[in-house]
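Peer 1: File query.txt below, compact mmCIF, C-alpha atoms:
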# COMPACT_ATOMS: atom_id res chain seq x y z
CA MET C 1 37.58 20.64 83.72
CA GLY C 2 35.45 17.58 83.37
CA ARG C 3 32.51 19.82 82.67
CA ARG C 4 34.40 21.61 79.88
CA SER C 5 35.49 18.25 78.43
CA SER C 6 31.92 17.06 78.48
CA GLN C 7 30.78 20.28 76.79
CA ARG C 8 33.47 19.86 74.12
CA ARG C 9 32.38 16.26 73.52
CA ASN C 10 28.77 17.33 73.28
CA ALA C 11 29.72 20.17 70.96
CA ALA C 12 31.71 17.75 68.80
CA MET C 13 28.79 15.37 68.70
CA LEU C 14 26.47 18.23 67.90
CA ASP C 15 28.76 19.43 65.15
CA SER C 16 28.94 15.92 63.76
CA ASP C 17 25.18 15.54 63.83
CA ASP C 18 24.74 18.93 62.20
CA THR C 19 27.25 18.02 59.51
CA ASP C 20 25.54 14.73 58.83
CA SER C 21 22.22 16.48 58.81
CA VAL C 22 23.44 19.19 56.49
CA SER C 23 25.14 16.62 54.27
CA SER C 24 22.00 14.50 54.18
CA SER C 25 19.87 17.54 53.47
CA SER C 26 22.26 18.67 50.76
CA THR C 27 22.22 15.22 49.17
CA THR C 28 18.45 15.14 49.22
CA ARG C 29 18.25 18.55 47.59
CA SER C 30 20.78 17.46 44.98
CA ASP C 31 18.77 14.33 44.24
CA MET C 32 15.62 16.40 43.96
CA MET C 33 17.32 18.91 41.70
CA LEU C 34 18.75 16.10 39.56
CA SER C 35 15.36 14.44 39.37
CA SER C 36 13.79 17.75 38.40
CA LEU C 37 16.44 18.34 35.75
CA GLU C 38 15.85 14.86 34.38
CA GLU C 39 12.11 15.51 34.25
CA VAL C 40 12.68 18.83 32.50
CA GLN C 41 15.11 17.18 30.09
CA PHE C 42 12.65 14.37 29.42
CA GLY C 43 9.90 16.93 28.96
CA LYS C 44 12.04 18.90 26.53
CA GLU C 45 12.83 15.77 24.53
CA THR C 46 9.16 14.82 24.41
CA VAL C 47 8.18 18.30 23.24
CA LEU C 48 11.03 18.28 20.71
CA ASP C 49 9.89 14.90 19.40
CA GLN C 50 6.38 16.26 19.04
CA CYS C 51 7.61 19.37 17.26
CA VAL C 52 9.77 17.38 14.84
CA ASP C 53 6.89 14.96 14.22
CA ALA C 54 4.63 17.93 13.53
CA LEU C 55 7.24 19.23 11.09
CA TYR C 56 7.24 15.88 9.30
CA GLU C 57 3.44 15.97 9.22
CA LYS C 58 3.64 19.40 7.62
CA ARG C 59 6.16 18.15 5.07
CA PHE C 60 3.84 15.21 4.33
CA ALA C 61 0.93 17.58 3.70
CA THR C 62 3.14 19.94 1.69
CA LEU C 63 4.36 17.12 -0.53
CA LEU C 64 0.76 16.05 -1.17
CA GLN C 65 -0.25 19.59 -2.14
CA LEU C 66 2.74 19.93 -4.47
CA CYS C 67 1.78 16.68 -6.19
CA LEU C 68 -1.85 17.78 -6.54
CA SER C 69 -0.65 21.06 -8.07
CA SER C 70 1.38 19.07 -10.61
CA ILE C 71 -1.71 17.06 -11.50
CA LYS C 72 -3.64 20.30 -12.06
CA ARG C 73 -1.09 22.10 -14.18
CA GLY C 74 1.83 19.80 -14.93
CA SER C 75 2.97 18.04 -18.09
CA SER C 76 2.11 14.39 -18.73
CA LYS C 77 5.41 13.30 -17.21
CA GLU C 78 4.88 15.47 -14.13
CA ILE C 79 1.37 14.09 -13.70
CA ALA C 80 2.66 10.51 -13.96
CA LEU C 81 5.35 11.13 -11.33
CA ALA C 82 3.05 13.06 -9.01
CA SER C 83 0.40 10.36 -9.23
CA HIS C 84 2.91 7.69 -8.32
CA VAL C 85 4.20 9.70 -5.35
CA ILE C 86 0.66 10.18 -4.00
CA GLY C 87 0.07 6.45 -4.25
CA LEU C 88 3.32 5.76 -2.40
CA LEU C 89 2.38 8.27 0.30
CA ALA C 90 -0.86 6.40 0.93
CA LEU C 91 0.81 3.00 0.99
CA THR C 92 3.52 4.27 3.35
CA ALA C 93 1.01 5.91 5.69
CA GLY C 94 -1.24 2.85 5.84
CA PRO C 95 -4.93 2.87 6.83
CA GLY C 96 -5.95 5.69 9.12
CA ASP C 97 -6.41 9.45 9.17
CA LYS C 98 -3.47 10.23 6.87
CA ALA C 99 -4.54 7.89 4.09
CA HIS C 100 -8.17 8.96 4.44
CA ASP C 101 -7.16 12.62 4.19
CA ILE C 102 -5.16 11.82 1.05
CA LEU C 103 -8.26 10.22 -0.46
CA LYS C 104 -10.55 13.11 0.50
CA GLU C 105 -8.19 15.74 -0.90
CA SER C 106 -7.25 13.85 -4.06
CA GLN C 107 -10.24 11.75 -5.18
CA THR C 108 -12.28 14.41 -6.96
CA LEU C 109 -9.27 16.15 -8.53
CA ILE C 110 -7.78 12.90 -9.85
CA SER C 111 -11.16 11.69 -11.13
CA GLU C 112 -11.80 14.93 -13.03
CA ALA C 113 -8.28 14.92 -14.46
CA ALA C 114 -8.73 11.33 -15.64
CA LEU C 115 -12.04 12.04 -17.36
CA LYS C 116 -10.55 15.05 -19.14
CA SER C 117 -7.37 13.27 -20.27
CA ARG C 118 -8.72 10.27 -22.12
CA SER C 119 -6.58 10.89 -25.20
CA ASP C 120 -3.33 10.47 -23.24
CA ASN C 121 -2.78 6.81 -22.33
CA SER C 122 0.18 7.35 -20.02
CA LYS C 123 -1.61 10.11 -18.12
CA ILE C 124 -4.83 8.13 -17.68
CA SER C 125 -2.92 5.04 -16.57
CA SER C 126 -1.00 6.97 -13.91
CA LEU C 127 -4.08 8.76 -12.62
CA LEU C 128 -6.29 5.70 -12.36
CA GLU C 129 -3.63 3.52 -10.78
CA CYS C 130 -3.08 6.28 -8.21
CA LEU C 131 -6.83 6.53 -7.63
CA ALA C 132 -7.01 2.77 -7.13
CA ILE C 133 -4.17 2.76 -4.57
CA ILE C 134 -5.37 5.71 -2.47
CA THR C 135 -8.90 4.29 -2.42
CA PHE C 136 -7.65 0.80 -1.55
CA VAL C 137 -5.70 2.18 1.44
CA GLY C 138 -7.76 5.19 2.52
CA GLY C 139 -11.33 4.20 1.67
CA GLU C 140 -13.35 3.69 4.84
CA GLU C 141 -16.87 3.47 3.44
CA PRO C 142 -18.24 1.46 0.46
CA GLU C 143 -19.53 4.70 -1.06
CA GLU C 144 -15.98 6.09 -1.27
CA THR C 145 -14.75 3.00 -3.08
CA GLU C 146 -17.66 2.91 -5.51
CA LYS C 147 -17.13 6.58 -6.31
CA SER C 148 -13.64 5.76 -7.60
CA MET C 149 -14.94 2.69 -9.41
CA ARG C 150 -17.60 4.75 -11.18
CA CYS C 151 -14.94 7.19 -12.39
CA MET C 152 -13.00 4.28 -13.89
CA TRP C 153 -16.15 2.92 -15.46
CA LEU C 154 -16.90 6.25 -17.14
CA VAL C 155 -13.48 6.29 -18.80
CA ILE C 156 -14.28 3.18 -20.85
CA ASN C 157 -18.04 3.79 -20.98
CA PRO C 158 -18.24 7.54 -21.76
CA LYS C 159 -21.85 7.30 -22.90
CA LEU C 160 -22.81 6.79 -19.27
CA GLY C 161 -21.56 10.22 -18.17
CA PRO C 162 -22.25 13.81 -19.17
CA ASN C 163 -19.61 16.09 -20.66
CA VAL C 164 -17.15 13.26 -21.23
CA ALA C 165 -14.98 13.00 -24.33
CA THR C 166 -16.06 10.27 -26.75
CA ALA C 167 -12.63 9.17 -28.01
CA LYS C 168 -12.42 5.41 -28.35
CA PRO C 169 -10.32 3.97 -25.50
CA SER C 170 -7.16 2.14 -26.56
CA PRO C 171 -6.50 -1.49 -25.52
CA ALA C 172 -3.82 -0.31 -23.08
CA MET C 173 -6.26 2.09 -21.46
CA ILE C 174 -8.97 -0.57 -21.22
CA THR C 175 -6.52 -2.93 -19.54
CA VAL C 176 -5.54 -0.35 -16.92
CA VAL C 177 -9.15 0.61 -16.21
CA VAL C 178 -10.35 -2.98 -15.86
CA SER C 179 -7.39 -3.94 -13.68
CA SER C 180 -7.86 -0.88 -11.43
CA TRP C 181 -11.62 -1.45 -11.20
CA SER C 182 -11.23 -5.10 -10.26
CA PHE C 183 -8.49 -4.20 -7.74
CA LEU C 184 -11.03 -2.05 -5.87
CA LEU C 185 -13.76 -4.65 -6.30
CA THR C 186 -11.62 -7.03 -4.22
CA THR C 187 -12.34 -4.83 -1.18
CA MET C 188 -16.11 -4.86 -1.61
CA ASP C 189 -18.73 -7.13 -0.13
CA GLY C 190 -21.19 -8.18 -2.82
CA TRP C 191 -24.16 -7.26 -0.66
CA THR C 192 -22.99 -3.66 -0.19
CA LEU C 193 -22.65 -2.93 -3.91
CA ASP C 194 -25.07 -0.44 -5.43
CA PRO C 195 -27.28 -2.57 -7.72
CA LYS C 196 -27.85 0.38 -10.09
CA SER C 197 -24.17 1.01 -10.77
CA TRP C 198 -22.90 -2.25 -12.26
CA GLN C 199 -25.84 -3.67 -14.22
CA GLY C 200 -24.59 -5.14 -17.49
CA SER C 201 -20.96 -5.36 -16.39
CA ILE C 202 -20.77 -9.15 -16.93
CA SER C 203 -21.95 -8.67 -20.51
CA TYR C 204 -19.40 -5.88 -21.03
CA PHE C 205 -16.49 -7.97 -19.74
CA SER C 206 -17.72 -10.85 -21.90
CA THR C 207 -17.37 -8.66 -25.01
CA LEU C 208 -13.78 -7.88 -23.97
CA LEU C 209 -12.93 -11.59 -24.09
CA ASP C 210 -13.42 -11.37 -27.87
CA LYS C 211 -10.95 -8.49 -28.33
CA GLU C 212 -7.68 -9.05 -30.19
CA ASP C 213 -5.44 -7.64 -27.46
CA ARG C 214 -4.37 -10.40 -25.04
CA SER C 215 -3.82 -8.06 -22.10
CA VAL C 216 -7.45 -6.91 -22.43
CA ARG C 217 -8.66 -10.52 -22.52
CA ILE C 218 -6.65 -11.51 -19.46
CA ALA C 219 -7.77 -8.48 -17.43
CA ALA C 220 -11.39 -9.11 -18.36
CA GLY C 221 -11.11 -12.84 -17.63
CA GLU C 222 -9.64 -12.31 -14.17
CA THR C 223 -12.30 -9.69 -13.41
CA LEU C 224 -15.08 -12.08 -14.42
CA ALA C 225 -13.58 -14.77 -12.20
CA LEU C 226 -13.59 -12.25 -9.32
CA VAL C 227 -17.22 -11.31 -10.00
CA PHE C 228 -18.26 -14.97 -9.85
CA GLU C 229 -16.15 -15.46 -6.71
CA ILE C 230 -17.88 -12.54 -4.97
CA GLY C 231 -21.35 -13.72 -5.95
CA SER C 232 -24.42 -11.45 -5.94
CA LEU C 233 -24.43 -11.90 -9.72
CA GLU C 234 -27.80 -10.17 -10.05
CA LYS C 235 -25.99 -6.88 -9.33
CA PHE C 236 -23.67 -7.42 -12.31
CA SER C 237 -25.94 -9.20 -14.79
CA GLY C 238 -28.49 -6.69 -16.12
CA GLU C 239 -31.71 -4.82 -15.46
CA SER C 240 -34.56 -7.12 -14.50
CA LYS C 241 -37.67 -6.58 -16.64
CA GLY C 242 -41.27 -6.73 -15.63
CA SER C 243 -43.79 -5.24 -13.25
CA SER C 244 -43.16 -4.58 -9.59
CA ASP C 245 -46.44 -6.34 -8.79
CA SER C 246 -45.83 -9.02 -6.16
CA SER C 247 -47.76 -11.52 -8.30
CA THR C 248 -44.99 -11.38 -10.89
CA ASP C 249 -42.03 -11.57 -8.47
CA GLU C 250 -41.52 -15.28 -9.02
CA ALA C 251 -41.61 -14.86 -12.79
CA ASN C 252 -39.08 -12.02 -12.61
CA LYS C 253 -36.75 -14.06 -10.40
CA SER C 254 -36.98 -16.99 -12.80
CA ARG C 255 -36.14 -14.77 -15.78
CA GLU C 256 -33.24 -13.25 -13.89
CA LEU C 257 -31.89 -16.67 -12.94
CA LEU C 258 -32.13 -17.88 -16.54
CA HIS C 259 -30.39 -14.70 -17.70
CA ILE C 260 -27.52 -15.23 -15.25
CA GLN C 261 -27.19 -18.88 -16.24
CA GLY C 262 -27.08 -17.85 -19.89
CA LEU C 263 -24.34 -15.31 -19.20
CA LYS C 264 -22.32 -17.84 -17.25
CA ALA C 265 -22.66 -20.42 -20.02
CA LYS C 266 -21.48 -17.88 -22.61
CA VAL C 267 -18.49 -16.85 -20.48
CA LEU C 268 -17.64 -20.50 -19.85
CA ASN C 269 -17.51 -21.24 -23.58
CA GLN C 270 -15.33 -18.17 -24.21
CA VAL C 271 -12.95 -19.14 -21.41
CA ARG C 272 -12.71 -22.72 -22.68
CA THR C 273 -11.80 -21.47 -26.16
CA LEU C 274 -9.16 -19.05 -24.88
CA SER C 275 -7.60 -21.70 -22.65
CA ALA C 276 -6.77 -23.75 -25.72
CA GLU C 277 -6.19 -21.05 -28.35
CA ALA C 278 -3.63 -21.85 -31.00
CA GLY C 279 -0.94 -19.32 -31.79
CA GLY C 280 -1.59 -17.07 -34.77
CA LYS C 281 0.79 -15.27 -37.07
CA GLY C 282 3.19 -13.03 -35.17
CA SER C 283 1.93 -14.34 -31.86
CA ALA C 284 4.42 -14.08 -29.01
CA LYS C 285 4.81 -17.49 -27.39
CA LYS C 286 5.18 -16.06 -23.90
CA ASP C 287 1.99 -14.01 -24.20
CA LEU C 288 0.12 -16.98 -25.61
CA ASN C 289 1.24 -19.28 -22.80
CA ASN C 290 0.31 -16.65 -20.24
CA GLN C 291 -3.18 -16.39 -21.71
CA ARG C 292 -3.63 -20.17 -21.84
CA ASN C 293 -2.50 -20.62 -18.24
CA THR C 294 -4.72 -17.81 -16.99
CA PHE C 295 -7.83 -19.10 -18.74
CA ARG C 296 -7.16 -22.68 -17.69
CA ASP C 297 -7.22 -21.43 -14.10
CA ILE C 298 -10.44 -19.52 -14.77
CA LEU C 299 -11.98 -22.56 -16.45
CA GLU C 300 -11.11 -24.79 -13.51
CA PHE C 301 -12.62 -22.24 -11.15
CA LEU C 302 -15.87 -21.87 -13.10
CA GLU C 303 -16.29 -25.61 -13.57
CA ASP C 304 -15.01 -27.02 -10.28
CA GLY C 305 -14.72 -24.07 -7.90
CA TYR C 306 -10.93 -24.28 -7.45
CA SER C 307 -9.17 -20.93 -7.17
CA PRO C 308 -5.58 -20.62 -8.43
CA GLU C 309 -2.73 -20.62 -5.95
CA ALA C 310 0.18 -18.25 -6.43
CA SER C 311 3.21 -17.86 -4.22
CA ALA C 312 5.98 -15.32 -3.71
CA LYS C 313 9.18 -15.44 -1.67
CA ILE C 314 10.23 -12.48 0.47
CA GLY C 315 13.44 -12.62 2.46
CA GLY C 316 13.56 -16.39 2.30
CA LEU C 317 9.95 -16.75 3.47
CA SER C 318 7.06 -17.70 1.20
CA PHE C 319 3.48 -16.56 1.23
CA SER C 320 0.69 -17.69 -1.05
CA THR C 321 -2.67 -16.56 -2.35
CA SER C 322 -5.66 -18.87 -2.69
CA THR C 323 -8.43 -16.57 -3.98
CA TRP C 324 -8.91 -14.49 -7.09
CA ALA C 325 -9.21 -11.40 -4.89
CA HIS C 326 -5.77 -11.87 -3.33
CA LEU C 327 -4.19 -12.81 -6.66
CA ILE C 328 -5.51 -9.60 -8.26
CA GLN C 329 -4.28 -7.56 -5.29
CA LEU C 330 -0.84 -9.17 -5.46
CA ASN C 331 -0.44 -8.57 -9.20
CA PHE C 332 -1.65 -4.97 -9.00
CA LEU C 333 0.63 -4.03 -6.09
CA LYS C 334 3.63 -5.74 -7.69
CA HIS C 335 3.00 -3.74 -10.86
CA PHE C 336 2.57 -0.44 -9.00
CA LEU C 337 5.57 -0.83 -6.68
CA GLY C 338 7.87 -2.43 -9.23
CA GLY C 339 11.31 -3.00 -7.70
CA GLY C 340 10.10 -1.64 -4.37
CA PHE C 341 7.61 -4.46 -3.82
CA VAL C 342 10.01 -6.67 -1.85
CA LYS C 343 11.06 -3.77 0.40
CA HIS C 344 7.45 -2.90 1.12
CA MET C 345 6.58 -6.51 1.85
CA GLN C 346 9.44 -6.66 4.33
CA GLU C 347 8.60 -3.45 6.18
CA ASN C 348 5.06 -2.27 5.37
CA GLU C 349 2.69 -3.46 8.10
CA PHE C 350 -0.34 -2.67 5.95
CA LEU C 351 0.78 -5.15 3.28
CA HIS C 352 1.55 -7.69 6.01
CA ASP C 353 -2.11 -7.44 7.02
CA VAL C 354 -3.36 -7.58 3.43
CA PHE C 355 -1.54 -10.82 2.64
CA GLY C 356 -1.27 -12.31 6.13
CA PHE C 357 2.51 -12.26 5.84
CA THR C 358 4.97 -12.09 8.75
CA PRO C 359 8.49 -11.17 7.61
CA ASN C 360 11.61 -12.72 9.09
CA LYS C 361 12.96 -9.88 11.23
CA LYS C 362 16.40 -10.28 12.80
CA LEU C 363 16.54 -8.80 16.29
CA PRO C 364 19.68 -6.89 17.34
CA VAL C 365 21.90 -8.41 20.03
CA ALA C 366 21.21 -5.56 22.43
CA GLN C 367 18.16 -3.39 22.26
CA HIS C 368 18.32 0.17 23.57
CA HIS C 369 15.60 2.77 23.68
CA VAL C 370 16.30 5.45 21.12
CA SER C 371 14.10 8.51 20.91
CA GLY C 372 12.51 9.61 17.66
CA THR C 373 14.75 12.67 17.67
CA ASP C 374 17.90 10.56 18.00
CA LYS C 375 16.77 8.30 15.17
CA ARG C 376 16.23 11.22 12.86
CA MET C 377 19.51 12.83 13.93
CA TYR C 378 21.36 9.61 13.27
CA LYS C 379 19.76 9.19 9.85
CA SER C 380 20.51 12.77 8.84
CA PRO C 381 23.66 12.90 6.63
CA ASN C 382 24.69 16.16 8.31
CA SER C 383 24.36 14.97 11.90
CA VAL C 384 27.36 14.79 14.24
CA LEU C 385 26.63 11.14 14.92
CA ASN C 386 26.51 10.25 11.27
CA LYS C 387 29.70 12.19 10.50
CA ALA C 388 31.50 10.48 13.37
CA ARG C 389 30.28 7.13 12.12
CA THR C 390 31.50 7.96 8.59
CA GLN C 391 34.92 9.01 9.90
CA PHE C 392 35.21 5.80 11.91
CA LEU C 393 34.32 3.65 8.90
CA ASN C 394 36.79 5.56 6.72
CA LYS C 395 39.53 5.00 9.31
CA GLN C 396 38.72 1.30 9.50
CA ARG C 397 38.78 1.10 5.71
CA MET C 398 42.21 2.76 5.56
CA LEU C 399 43.61 0.40 8.20
CA SER C 400 42.24 -2.53 6.25
CA GLN C 401 43.83 -1.25 3.05
CA ASP C 402 47.18 -0.80 4.83
CA LYS C 403 47.02 -4.40 6.01
CA ASN C 404 46.28 -5.60 2.52
CA VAL C 405 49.17 -3.60 1.10
CA GLY C 406 51.50 -5.07 3.71
CA TYR C 407 50.24 -8.55 2.98
CA TYR C 408 50.78 -8.35 -0.77
CA THR C 409 54.13 -6.55 -0.59
CA GLY C 410 55.51 -8.81 2.14
CA GLY C 411 54.40 -12.05 0.54
CA ASP C 412 55.85 -14.21 -2.21
CA GLU C 413 56.21 -12.78 -5.68
CA PHE C 414 54.24 -14.36 -8.49
Using structure tokens, write down the structure that the file contains.
Peer 2:
Amino acid sequence: MGRRSSQRRNAAMLDSDDTDSVSSSSTTRSDMMLSSLEEVQFGKETVLDQCVDALYEKRFATLLQLCLSSIKRGSSKEIALASHVIGLLALTAGPGDKAHDILKESQTLISEAALKSRSDNSKISSLLECLAIITFVGGEEPEETEKSMRCMWLVINPKLGPNVATAKPSPAMITVVVSSWSFLLTTMDGWTLDPKSWQGSISYFSTLLDKEDRSVRIAAGETLALVFEIGSLEKFSGESKGSSDSSTDEANKSRELLHIQGLKAKVLNQVRTLSAEAGGKGSAKKDLNNQRNTFRDILEFLEDGYSPEASAKIGGLSFSTSTWAHLIQLNFLKHFLGGGFVKHMQENEFLHDVFGFTPNKKLPVAQHHVSGTDKRMYKSPNSVLNKARTQFLNKQRMLSQDKNVGYYTGGDEF
């Protein structure tokens, strides 16, 4: 009897141990299965993110190709819109492979279209501004930037290029070309410039200071200030004359120095005159004041070395420029982006780097990791999440309206 009781107790203990063991084993397997499922789920989400990102990459490339097709065969309005979109694509992408690919695929096509369209001011303006933006963002080598600059130069100096129309450029076209050219010059180191490409450019910009159109004068004046700020004036002044014999090197350098000093003296006199110009018949006061202020800044820079300071306020925070290069960049980007400039300055990291600006970003109370897929699903107007959010907001709005109705009907009469 005692033996049977002992056997039963042992059996019970054995059963208990087996149960615990089985339960423990089952739990372990469940945990492993759950862990495996989580890994598979995570893997699926990662692959899905990659696939969706690849789809967006394809859409990016498709949009670029559609815009390039419009530039090839579209109307003037289509070309203007397509050019602006390509510029925005580059600015949104920021420096890197995307922007460089945009430049490689677009540079030659846009340059050829610009050189063939010199009779259409709106078309040439759109094309060259686009060329300036995509080169500014995507250019990785000085040669790429100078290639775009040479295209711009040929538009207003057709005699320098073969098979180029000889129509006289309008003041508006000259202004766009000079502004775009100087915008790209802000990215160049004076020592890396090709000395054969820009000989005589100071003299050319000096002739523009005598033009009747104020926008041409201002663009040329700011470009000259930038040239003097960069230095390496021998690359912009003119061809040096004389033998290559080493015995005449000193004489050549002396002539070149005198030539540069003569050019600077001429420009200085022109700038001084424009800084104090009296208003003529039909002269717009705002345009006149703008010209005077600009050339006073240029005069102060040429005489005393002080660059103008400009400031802008974004989201309650200010940033300022203290060089001609940054001022030209700021004005060009503000013109290109128009009403979108503030938005880009708040969110575009590339522009933050360009201007050394850190926006005032408000952090959410609680931060949660959200996958790229979830973000896109939430942003999609057809997503379940977005529809649920819309329904919730509509319900809240209706409750609020009911309260207001109750308040006005239950209150005093007026």
Peer 1: Of the residues C:Asn252, C:Phe332, C:Leu258, C:Gly315, which is the one nearest to Glu347 (chain C), using all atoms listed in the file?
Peer 2: C:Gly315
Peer 1: Under the rule that all atoms listed in the file are counted, which of C:Leu209, C:Val216, C:Ala113, C:Ala61 is the nearest residue to Gly74 (chain C)?
Peer 2: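 Answer, going by the shortest atom-to-atom distance: C:Ala113.
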Peer 1: Quick one: which region 186-254 of chain C residues come within 10 Å of region 148-153 of chain C, and what is the nearest atom pair for each with the distance in Å to one decimal, counting all atoms listed in the file, rows ordered by chain and ascending number, as CSV?
Peer 2:
residue,atom,partner,partner_atom,distance
C:Ser197,CA,C:Arg150,CA,7.6
C:Trp198,CA,C:Arg150,CA,8.8
C:Ser201,CA,C:Trp153,CA,9.6
Peer 1: Fewer than 5 positions away in the same chain doesn't count, so skip those; otherwise give me all residues within 10 Å of Leu274 (chain C), counting all atoms listed in the file, as a CSV table (one decimal) with C-alpha atoms, in the frame of the given file.
Peer 2:
chain,number,residue,atom,x,y,z
C,209,LEU,CA,-12.9,-11.6,-24.1
C,210,ASP,CA,-13.4,-11.4,-27.9
C,214,ARG,CA,-4.4,-10.4,-25.0
C,217,ARG,CA,-8.7,-10.5,-22.5
C,218,ILE,CA,-6.6,-11.5,-19.5
C,221,GLY,CA,-11.1,-12.8,-17.6
C,268,LEU,CA,-17.6,-20.5,-19.8
C,269,ASN,CA,-17.5,-21.2,-23.6
C,288,LEU,CA,0.1,-17.0,-25.6
C,291,GLN,CA,-3.2,-16.4,-21.7
C,292,ARG,CA,-3.6,-20.2,-21.8
C,293,ASN,CA,-2.5,-20.6,-18.2
C,294,THR,CA,-4.7,-17.8,-17.0
C,295,PHE,CA,-7.8,-19.1,-18.7
C,296,ARG,CA,-7.2,-22.7,-17.7
C,299,LEU,CA,-12.0,-22.6,-16.4
Peer 1: Using only C-alpha atoms, which protein or nucleic acid residues come within 12 Å of Ser117 (chain C)? Drop anything in the same chain fewer than 2 positions from it, and give the result as a PyMOL selection string.
Peer 2: chain C and resi 71-72+75-76+79+110-115+119-128+155+164-167+169+173
Peer 1: Here is a test: counting all atoms listed in the file, which residue of C:Leu131, C:Leu233, C:Ala225, C:Ile156 is nearest to Leu193 (chain C)?
Peer 2: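 Among the listed residues, C:Leu233 lies closest to Leu193 (chain C).
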Peer 1: In Å, how far is it from CA of Asp287 (chain C) to CA of Leu224 (chain C)?
Peer 2: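 If I compute the distance from CA of Asp287 (chain C) to CA of Leu224 (chain C), I get 19.8 Å.
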Peer 1: Calculate how many Å separate CA of Ser180 (chain C) from CA of Leu91 (chain C), rounding to one decimal.
Peer 2: 15.6 Å
Peer 1: Looking at C:Leu154, C:Ala132, C:Val342, C:Ala172, which one is nearest to Gln329 (chain C), with distances taken over all atoms listed in the file?
Peer 2: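 Looking only at the distances to Gln329 (chain C), the closest residue turns out to be C:Ala132.
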Peer 1: Rank C:Leu88, C:Ser179, C:Leu257, C:Asp189 by their smallest atom-to-atom distance to Thr145 (chain C), using only C-alpha atoms, and report the top residue only.
Peer 2: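 Of all the options, C:Asp189 lies closest to Thr145 (chain C).
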Peer 1: Choose the residue, out of C:Thr92, C:Gln107, C:Ser203, C:Ser307, that has the smallest atom-to-atom separation from Asn348 (chain C); count all atoms listed in the file.
Peer 2: C:Thr92
Peer 1: What are the centre and edge lengths in Å, to one decimal, of the axis-aligned box around all listed atoms of region 286-305 of chain C with 6 Å added on each side, as JSON?
Peer 2:
{"center_x": -5.6, "center_y": -20.5, "center_z": -16.8, "size_x": 33.5, "size_y": 25.0, "size_z": 29.7}
